[in-house]
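Note sheet for the following structure.
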Amino acid sequence: MLTLAAPSLLMPKFHRPAPPSRAIARPGLLAHLHAGLAANHPLTLIVAPAGYGKTTLAAQWIAHLNCAVAWLSLDDADDDPVRFCTYLVAALQRVHPAIGADLLPVLRAGHLPPQATLVTTLLNDLDAALADHETAEPSVMPFVCVLDDFHVIQRPAILSIVQALLTHPPIGFHLVLVTREDPALPLARLRARAQLTELRAADLRFNEAETALLLQTGMGLTLTEMDLARLTERTEGWAVGLQLAGLSLQAHADPTAFVATLSGSHRFILSYLTEEVLARQPPAVQHFLRDTAILTRLSGDLCDAVTGCSDSADMLERLLAANLFIIPLDDEGRWYRYHHLFADLLQHTLQREHAASLPGLHQRASQWYALHDMPVASIEHALAADDTQRVVTLLEECGWRLLTREDAPMLQQWIHALPQALRQRSPRLNTLLVWEHILHGTYQQATPYLAAARTALANLPPEATETRALQADILAAESFLAQVEGQMLEALAMAQQARSLVPEAQPRLVGSTALALGVAYRVAGRFDEAVASLEEALHAAQAIDDHVTAMVAVAHLALVWSPQGRLHRLVASAEAVLERTEVAVQMAPLMIGTVHAVLGQVYYEWNQVAKARALLQHALRMAQLSSQPTAAIYASLSLARLCHETGEAEVAARYLRDAGDMLAQGAPAWVRLDWVAQQVALLIAQGQVAEAEASLTATGIPAEAPVTYRTDAIHLAWLRWMIARPHPQALALAERIVQSAETDGRMGTLIYALVLGAKAGGGTAWLARARQLGAPEGYQRVFIEAAGTRMPTGIYPSSLLLHPSLTERELEVLRLLAEGLTYAQIAERLIVSINTVRYHVKGVYGKLGVTKQVQAVERARALGLI
């Protein structure tokens, strides 16, 4: 398996193979494929056993197309949902960079979104990409996606995703599956609906005229009509059999006698001809072919390392010139692969005749990949060599990097592939599995691995440097688990001990232990210490490109700076880390949704409502795609607040309800308090004061309880309730919140308490002080809301606030866009084609003066159109 972290190895997966220079033209088959594309069939199936020229035909066809084409070559390791979807989206992005712009970072971080979310997002992106090619008709240029060797895909989860894409395909999107067998897809239904183009083995067989051309143009051979007919009959027009026969015929003085010997099954003919072709090669070529048979990709340097030769690059070029079933994978002549059938035969021969050499070959391949910073391929060759100790060493050395990159799903599989006794002896491997579950939110599943890590640690010398480092790693992980359980004091004690055990020379552990300590300090309300530890974690993580630790650190820094009112610093740090992570490495690590959500809150406070809404919606989308419920809840609550305060009560209630549903499935305690606070705000706005009081009482934090950082949200909610009631203790509560916030430096909380306190009886002096404190950091919305004025946009000049002349149909489409429906869903709802929906959307964009959906919805809300 190849890693996305190795671009030079990744390129062959997306390389559109050029048709072989001596490939035989097959106009009838090409016409059949063209007809299916012209008829807008969403699926083309080229299915036949190995060696029938499926990939060559597909390459010939796309060479004739005048449209966008994405090509993905699959292998056995791609039968993994995260890996498959990552490569699929990456292939599509080579055609249109906007496709999967949100999906790919999440997939690179090892997260597989829920199928409905993934498919809807991908279909919407494909719709938008295809719309870029629209003409005034309106019609759509085709967009072809070829998945070569699709037979390696057997996992129901992947097949279900492909089926979902074919159920409501965008008009113009055309999927081509090149496979040895029928995939488990509803082919009969597609066939009945005239939505399927098929080519099978019977279609791909060479006739006598094509056989003659293959032998003459490719190998300079001319046979008699009788020999030609007999050869075509004996091989059943099987392309690879004909090519092997041609290679053998070049060395036979009596073609008729040779052709007469050919009989039996394809497998027999293949084995017979391959052995004959190989036997005619010089010993050096035979040895090279045999030793490199273990490699799925071939390059000169890699083959040198495996074979011990020094001229492998020249050898690969000679094999290509001799038509020895080698296929170039790039345009520079650096990477190749053997034809799959030829590789199978070579591997079979190697296993049968030289099995003892296999471990050494795999070990040398593993060492080469490790030296070239490709740990995934190195681990897989070590596994193939059954070198379990090397696997353990590689996993222990590279485990954290793999865990925090797109290879996280494979990490668990590799560890579990090891013998149980070996796994249990390694505290580091078990700790990696603990972190894997923490990073993916499956906290309860971490418990057995935590116990195994502690047991294994007890067997190491207690004073050894390695023991102290492992103990620190385990304590840091335990600290996070304790926080999830609400054991804040224990979590802080564990984090403090963990940080004290780590020497400065280990930046990875400095990052994770400082992060655990910073988060524990933040939850305890010890902000200065939290900032110091979190910034230490951030700097250590950035020094080694640990983007996961960096993102989590900046997320918690944002959660500190927000109540402190340090908005400018929050935005500068968060946007810098986001740019570094999303642009440089194109992945969406843990808590990226939280960072976007906090940024959205700041821009909302600055009264940049459209930008805030876009950030919050992006935050929610990223959290949903990466299955991070805490971030999704946080973004939903922020959107609920924004919608409530801009007069969208029903939408606000929906966001709040969604957050409540996610809370019911488990989330940290502090998120629940924020949810109650937002719920109270909505209930008070609806005049349901008694219900608001009941919600506040249920938190177990009475109004008279001491005010702390952890209770700020609830005490501010109590204050709103008292003002709405009204209650005689409202001003007294405001004074207590102000005193606590001022003492601890929670400037953001102080500003809100002063504004509410002004309503509670503090008067204009309180409001003036709040304005004085808020001005340097740009606070606006808190004062707009205090004045009772709703300004939904804050971005459109008055000259633009005119009602454009939208048609009734355009208004219908606009309302459905605002509900979050896809183009396909809108078309189904309105009983029109997707092209018609696109046509109306373009009209809406033009009349509203916008270019994106979120801008259109925002503009429409500002104008009161929806």
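How things are named: the first chain in the structure tokens is A, the next is B, and so on; residues count from 1 in each chain; ligands count from 1 in the order shown.
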For this session: Can you pull out every residue within 7 Å of Gly518 of chain A, counting only C-alpha atoms, but drop anything in the same chain fewer than 5 positions away, and send it as a list in words?
Result: Ala530, Val531, Ser533 and Leu534 of chain A
Using only C-alpha atoms, determine which residues lie at most 12 Å from Val152 of chain A, disregarding the query and same-chain residues fewer than 2 positions distant; provide the list as an mmCIF file with all heavy atoms, in the first residue's frame.
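Result file follows (part.cif):
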data_model
loop_
_atom_site.group_PDB
_atom_site.id
_atom_site.type_symbol
_atom_site.label_atom_id
_atom_site.label_comp_id
_atom_site.auth_asym_id
_atom_site.auth_seq_id
_atom_site.Cartn_x
_atom_site.Cartn_y
_atom_site.Cartn_z
ATOM 1 N N SER A 73 -6.244 4.210 -10.492
ATOM 2 C CA SER A 73 -5.849 2.794 -10.547
ATOM 3 C C SER A 73 -5.902 2.231 -9.131
ATOM 4 O O SER A 73 -5.227 2.736 -8.235
ATOM 5 C CB SER A 73 -4.431 2.651 -11.115
ATOM 6 O OG SER A 73 -4.390 3.131 -12.442
ATOM 7 N N LEU A 74 -6.683 1.191 -8.949
ATOM 8 C CA LEU A 74 -6.894 0.613 -7.623
ATOM 9 C C LEU A 74 -6.012 -0.612 -7.415
ATOM 10 O O LEU A 74 -5.625 -1.286 -8.375
ATOM 11 C CB LEU A 74 -8.375 0.223 -7.461
ATOM 12 C CG LEU A 74 -9.372 1.381 -7.574
ATOM 13 C CD1 LEU A 74 -10.789 0.840 -7.722
ATOM 14 C CD2 LEU A 74 -9.283 2.285 -6.358
ATOM 15 N N ASP A 75 -5.716 -0.895 -6.142
ATOM 16 C CA ASP A 75 -5.036 -2.145 -5.812
ATOM 17 C C ASP A 75 -5.686 -2.731 -4.559
ATOM 18 O O ASP A 75 -6.617 -2.136 -3.999
ATOM 19 C CB ASP A 75 -3.530 -1.945 -5.642
ATOM 20 C CG ASP A 75 -3.187 -0.889 -4.606
ATOM 21 O OD1 ASP A 75 -3.786 -0.910 -3.520
ATOM 22 O OD2 ASP A 75 -2.318 -0.039 -4.873
ATOM 23 N N ASP A 76 -5.203 -3.876 -4.128
ATOM 24 C CA ASP A 76 -5.848 -4.594 -3.029
ATOM 25 C C ASP A 76 -5.984 -3.744 -1.771
ATOM 26 O O ASP A 76 -6.977 -3.837 -1.048
ATOM 27 C CB ASP A 76 -5.062 -5.869 -2.698
ATOM 28 C CG ASP A 76 -5.175 -6.917 -3.798
ATOM 29 O OD1 ASP A 76 -6.189 -6.904 -4.509
ATOM 30 O OD2 ASP A 76 -4.246 -7.726 -3.939
ATOM 31 N N ALA A 77 -4.992 -2.918 -1.488
ATOM 32 C CA ALA A 77 -5.027 -2.116 -0.258
ATOM 33 C C ALA A 77 -6.109 -1.051 -0.291
ATOM 34 O O ALA A 77 -6.463 -0.501 0.749
ATOM 35 C CB ALA A 77 -3.665 -1.462 -0.031
ATOM 36 N N ASP A 78 -6.640 -0.764 -1.476
ATOM 37 C CA ASP A 78 -7.661 0.283 -1.586
ATOM 38 C C ASP A 78 -9.044 -0.200 -1.167
ATOM 39 O O ASP A 78 -10.007 0.580 -1.185
ATOM 40 C CB ASP A 78 -7.724 0.810 -3.024
ATOM 41 C CG ASP A 78 -6.435 1.487 -3.431
ATOM 42 O OD1 ASP A 78 -5.805 2.103 -2.558
ATOM 43 O OD2 ASP A 78 -6.044 1.374 -4.610
ATOM 44 N N ASP A 79 -9.158 -1.478 -0.793
ATOM 45 C CA ASP A 79 -10.446 -1.992 -0.314
ATOM 46 C C ASP A 79 -10.645 -1.608 1.146
ATOM 47 O O ASP A 79 -10.904 -2.446 2.017
ATOM 48 C CB ASP A 79 -10.513 -3.513 -0.496
ATOM 49 C CG ASP A 79 -11.942 -4.048 -0.362
ATOM 50 O OD1 ASP A 79 -12.886 -3.260 -0.567
ATOM 51 O OD2 ASP A 79 -12.102 -5.240 -0.039
ATOM 52 N N ASP A 80 -10.494 -0.348 1.415
ATOM 53 C CA ASP A 80 -10.670 0.249 2.732
ATOM 54 C C ASP A 80 -11.442 1.540 2.515
ATOM 55 O O ASP A 80 -11.041 2.367 1.677
ATOM 56 C CB ASP A 80 -9.306 0.539 3.377
ATOM 57 C CG ASP A 80 -9.448 1.369 4.641
ATOM 58 O OD1 ASP A 80 -9.711 0.784 5.697
ATOM 59 O OD2 ASP A 80 -9.309 2.618 4.564
ATOM 60 N N PHE A 84 -10.102 4.355 0.031
ATOM 61 C CA PHE A 84 -10.768 4.447 -1.274
ATOM 62 C C PHE A 84 -11.330 5.847 -1.491
ATOM 63 O O PHE A 84 -11.132 6.456 -2.553
ATOM 64 C CB PHE A 84 -11.884 3.406 -1.366
ATOM 65 C CG PHE A 84 -12.734 3.547 -2.612
ATOM 66 C CD1 PHE A 84 -12.315 2.985 -3.809
ATOM 67 C CD2 PHE A 84 -13.927 4.252 -2.583
ATOM 68 C CE1 PHE A 84 -13.082 3.125 -4.957
ATOM 69 C CE2 PHE A 84 -14.702 4.398 -3.738
ATOM 70 C CZ PHE A 84 -14.272 3.833 -4.923
ATOM 71 N N LEU A 147 -12.389 4.057 -12.843
ATOM 72 C CA LEU A 147 -11.838 3.301 -11.722
ATOM 73 C C LEU A 147 -11.333 1.967 -12.282
ATOM 74 O O LEU A 147 -12.119 1.074 -12.595
ATOM 75 C CB LEU A 147 -12.895 3.069 -10.646
ATOM 76 C CG LEU A 147 -13.533 4.328 -10.043
ATOM 77 C CD1 LEU A 147 -14.513 3.942 -8.932
ATOM 78 C CD2 LEU A 147 -12.474 5.280 -9.515
ATOM 79 N N ASP A 148 -10.021 1.882 -12.427
ATOM 80 C CA ASP A 148 -9.405 0.702 -13.036
ATOM 81 C C ASP A 148 -9.162 -0.369 -11.969
ATOM 82 O O ASP A 148 -8.831 -0.066 -10.826
ATOM 83 C CB ASP A 148 -8.083 1.109 -13.688
ATOM 84 C CG ASP A 148 -7.540 0.035 -14.608
ATOM 85 O OD1 ASP A 148 -8.298 -0.870 -14.981
ATOM 86 O OD2 ASP A 148 -6.345 0.105 -14.954
ATOM 87 N N ASP A 149 -9.339 -1.632 -12.371
ATOM 88 C CA ASP A 149 -9.180 -2.781 -11.458
ATOM 89 C C ASP A 149 -10.171 -2.705 -10.297
ATOM 90 O O ASP A 149 -9.831 -2.964 -9.137
ATOM 91 C CB ASP A 149 -7.750 -2.878 -10.929
ATOM 92 C CG ASP A 149 -6.763 -3.293 -12.013
ATOM 93 O OD1 ASP A 149 -7.162 -4.077 -12.888
ATOM 94 O OD2 ASP A 149 -5.612 -2.826 -11.992
ATOM 95 N N PHE A 150 -11.405 -2.384 -10.605
ATOM 96 C CA PHE A 150 -12.423 -2.213 -9.562
ATOM 97 C C PHE A 150 -12.751 -3.527 -8.863
ATOM 98 O O PHE A 150 -13.347 -3.520 -7.783
ATOM 99 C CB PHE A 150 -13.703 -1.609 -10.174
ATOM 100 C CG PHE A 150 -14.700 -1.156 -9.143
ATOM 101 C CD1 PHE A 150 -14.496 0.017 -8.436
ATOM 102 C CD2 PHE A 150 -15.838 -1.908 -8.876
ATOM 103 C CE1 PHE A 150 -15.407 0.438 -7.477
ATOM 104 C CE2 PHE A 150 -16.757 -1.493 -7.928
ATOM 105 C CZ PHE A 150 -16.538 -0.313 -7.224
ATOM 106 N N GLN A 154 -14.250 -4.982 -2.561
ATOM 107 C CA GLN A 154 -15.230 -5.972 -2.110
ATOM 108 C C GLN A 154 -15.983 -5.515 -0.865
ATOM 109 O O GLN A 154 -17.015 -6.103 -0.534
ATOM 110 C CB GLN A 154 -14.524 -7.302 -1.794
ATOM 111 C CG GLN A 154 -13.803 -7.918 -2.985
ATOM 112 C CD GLN A 154 -14.764 -8.419 -4.039
ATOM 113 O OE1 GLN A 154 -15.879 -8.837 -3.746
ATOM 114 N NE2 GLN A 154 -14.344 -8.378 -5.302
ATOM 115 N N ARG A 155 -15.496 -4.498 -0.174
ATOM 116 C CA ARG A 155 -16.112 -4.077 1.083
ATOM 117 C C ARG A 155 -17.495 -3.495 0.812
ATOM 118 O O ARG A 155 -17.656 -2.580 -0.015
ATOM 119 C CB ARG A 155 -15.249 -3.028 1.786
ATOM 120 C CG ARG A 155 -13.916 -3.530 2.268
ATOM 121 C CD ARG A 155 -14.031 -4.263 3.604
ATOM 122 N NE ARG A 155 -14.259 -3.327 4.683
ATOM 123 C CZ ARG A 155 -13.301 -2.701 5.356
ATOM 124 N NH1 ARG A 155 -12.022 -2.917 5.039
ATOM 125 N NH2 ARG A 155 -13.593 -1.883 6.341
ATOM 126 N N ILE A 158 -17.886 0.377 0.770
ATOM 127 C CA ILE A 158 -17.447 1.106 -0.422
ATOM 128 C C ILE A 158 -18.457 0.936 -1.550
ATOM 129 O O ILE A 158 -18.832 1.897 -2.232
ATOM 130 C CB ILE A 158 -16.056 0.623 -0.874
ATOM 131 C CG1 ILE A 158 -15.041 0.796 0.255
ATOM 132 C CG2 ILE A 158 -15.605 1.383 -2.121
ATOM 133 C CD1 ILE A 158 -13.664 0.276 -0.083
ATOM 134 N N LEU A 159 -18.901 -0.289 -1.747
ATOM 135 C CA LEU A 159 -19.878 -0.545 -2.805
ATOM 136 C C LEU A 159 -21.157 0.241 -2.558
ATOM 137 O O LEU A 159 -21.804 0.723 -3.499
ATOM 138 C CB LEU A 159 -20.171 -2.044 -2.879
ATOM 139 C CG LEU A 159 -18.988 -2.907 -3.345
ATOM 140 C CD1 LEU A 159 -19.270 -4.381 -3.093
ATOM 141 C CD2 LEU A 159 -18.693 -2.658 -4.822
ATOM 142 N N LEU A 177 -16.186 1.629 -14.747
ATOM 143 C CA LEU A 177 -15.585 0.602 -13.904
ATOM 144 C C LEU A 177 -14.920 -0.430 -14.800
ATOM 145 O O LEU A 177 -15.581 -1.075 -15.621
ATOM 146 C CB LEU A 177 -16.641 -0.071 -13.028
ATOM 147 C CG LEU A 177 -17.443 0.849 -12.096
ATOM 148 C CD1 LEU A 177 -18.411 0.030 -11.248
ATOM 149 C CD2 LEU A 177 -16.521 1.675 -11.211
ATOM 150 N N VAL A 178 -13.605 -0.577 -14.649
ATOM 151 C CA VAL A 178 -12.833 -1.572 -15.390
ATOM 152 C C VAL A 178 -12.540 -2.696 -14.395
ATOM 153 O O VAL A 178 -11.855 -2.488 -13.398
ATOM 154 C CB VAL A 178 -11.534 -0.960 -15.947
ATOM 155 C CG1 VAL A 178 -10.745 -2.002 -16.729
ATOM 156 C CG2 VAL A 178 -11.845 0.248 -16.821
ATOM 157 N N THR A 179 -13.058 -3.887 -14.663
ATOM 158 C CA THR A 179 -13.066 -4.921 -13.622
ATOM 159 C C THR A 179 -13.030 -6.317 -14.223
ATOM 160 O O THR A 179 -13.442 -6.523 -15.376
ATOM 161 C CB THR A 179 -14.328 -4.747 -12.742
ATOM 162 O OG1 THR A 179 -14.424 -5.827 -11.818
ATOM 163 C CG2 THR A 179 -15.595 -4.697 -13.574
ATOM 164 N N ARG A 180 -12.550 -7.267 -13.444
ATOM 165 C CA ARG A 180 -12.531 -8.661 -13.886
ATOM 166 C C ARG A 180 -13.846 -9.370 -13.614
ATOM 167 O O ARG A 180 -14.052 -10.478 -14.109
ATOM 168 C CB ARG A 180 -11.409 -9.419 -13.172
ATOM 169 C CG ARG A 180 -10.015 -8.932 -13.497
ATOM 170 C CD ARG A 180 -8.971 -9.773 -12.777
ATOM 171 N NE ARG A 180 -7.625 -9.242 -12.972
ATOM 172 C CZ ARG A 180 -6.534 -9.760 -12.426
ATOM 173 N NH1 ARG A 180 -6.651 -10.834 -11.639
ATOM 174 N NH2 ARG A 180 -5.352 -9.221 -12.634
ATOM 175 N N GLU A 181 -14.688 -8.803 -12.782
ATOM 176 C CA GLU A 181 -15.950 -9.463 -12.422
ATOM 177 C C GLU A 181 -17.026 -8.407 -12.195
ATOM 178 O O GLU A 181 -16.726 -7.238 -11.946
ATOM 179 C CB GLU A 181 -15.768 -10.290 -11.146
ATOM 180 C CG GLU A 181 -15.325 -9.457 -9.961
ATOM 181 C CD GLU A 181 -14.922 -10.288 -8.759
ATOM 182 O OE1 GLU A 181 -14.327 -11.368 -8.956
ATOM 183 O OE2 GLU A 181 -15.184 -9.846 -7.624
ATOM 184 N N ASP A 182 -18.267 -8.828 -12.287
ATOM 185 C CA ASP A 182 -19.367 -7.900 -12.043
ATOM 186 C C ASP A 182 -19.332 -7.419 -10.589
ATOM 187 O O ASP A 182 -19.269 -8.230 -9.658
ATOM 188 C CB ASP A 182 -20.719 -8.590 -12.292
ATOM 189 C CG ASP A 182 -21.070 -8.633 -13.769
ATOM 190 O OD1 ASP A 182 -20.341 -8.011 -14.566
ATOM 191 O OD2 ASP A 182 -22.073 -9.285 -14.119
ATOM 192 N N PRO A 183 -19.360 -6.114 -10.376
ATOM 193 C CA PRO A 183 -19.408 -5.615 -8.997
ATOM 194 C C PRO A 183 -20.784 -5.844 -8.386
ATOM 195 O O PRO A 183 -21.783 -6.015 -9.109
ATOM 196 C CB PRO A 183 -19.125 -4.124 -9.156
ATOM 197 C CG PRO A 183 -19.597 -3.796 -10.537
ATOM 198 C CD PRO A 183 -19.353 -5.029 -11.364
ATOM 199 N N ALA A 184 -20.851 -5.856 -7.070
ATOM 200 C CA ALA A 184 -22.127 -6.050 -6.363
ATOM 201 C C ALA A 184 -22.906 -4.739 -6.350
ATOM 202 O O ALA A 184 -23.092 -4.089 -5.318
ATOM 203 C CB ALA A 184 -21.869 -6.541 -4.939
#
Problem set entry | All helix (DSSP H, G or I) residues (DSSP, backbone) inside segment 69-199 of chain A, as a ChimeraX atom specification | /A:76-78,81-93,103-108,115-131,150-152,156-167,187-192
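Closest approach to Val854 of chain A among A:Gln617, A:Ser299, A:Thr442, A:Thr349: A:Gln617, based on only C-alpha atoms.
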Exercise. Mind checking DSSP for segment 74-249 of chain A and telling me the strand (DSSP E or B) residues as a PyMOL selection string?
Worked result: chain A and resi 143-148+173-179+196-199
For this session: Fewer than 6 positions away in the same chain doesn't count, so skip those; otherwise give me all residues within 10 Å of Leu816 of chain A, counting only C-alpha atoms, as a ChimeraX atom specification.
Result: /A:810,822-823,825-826,829-830,857,866
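Rounded to one decimal, atom CA of Ile544 of chain A and atom CA of Leu599 of chain A lie 25.4 Å from each other.
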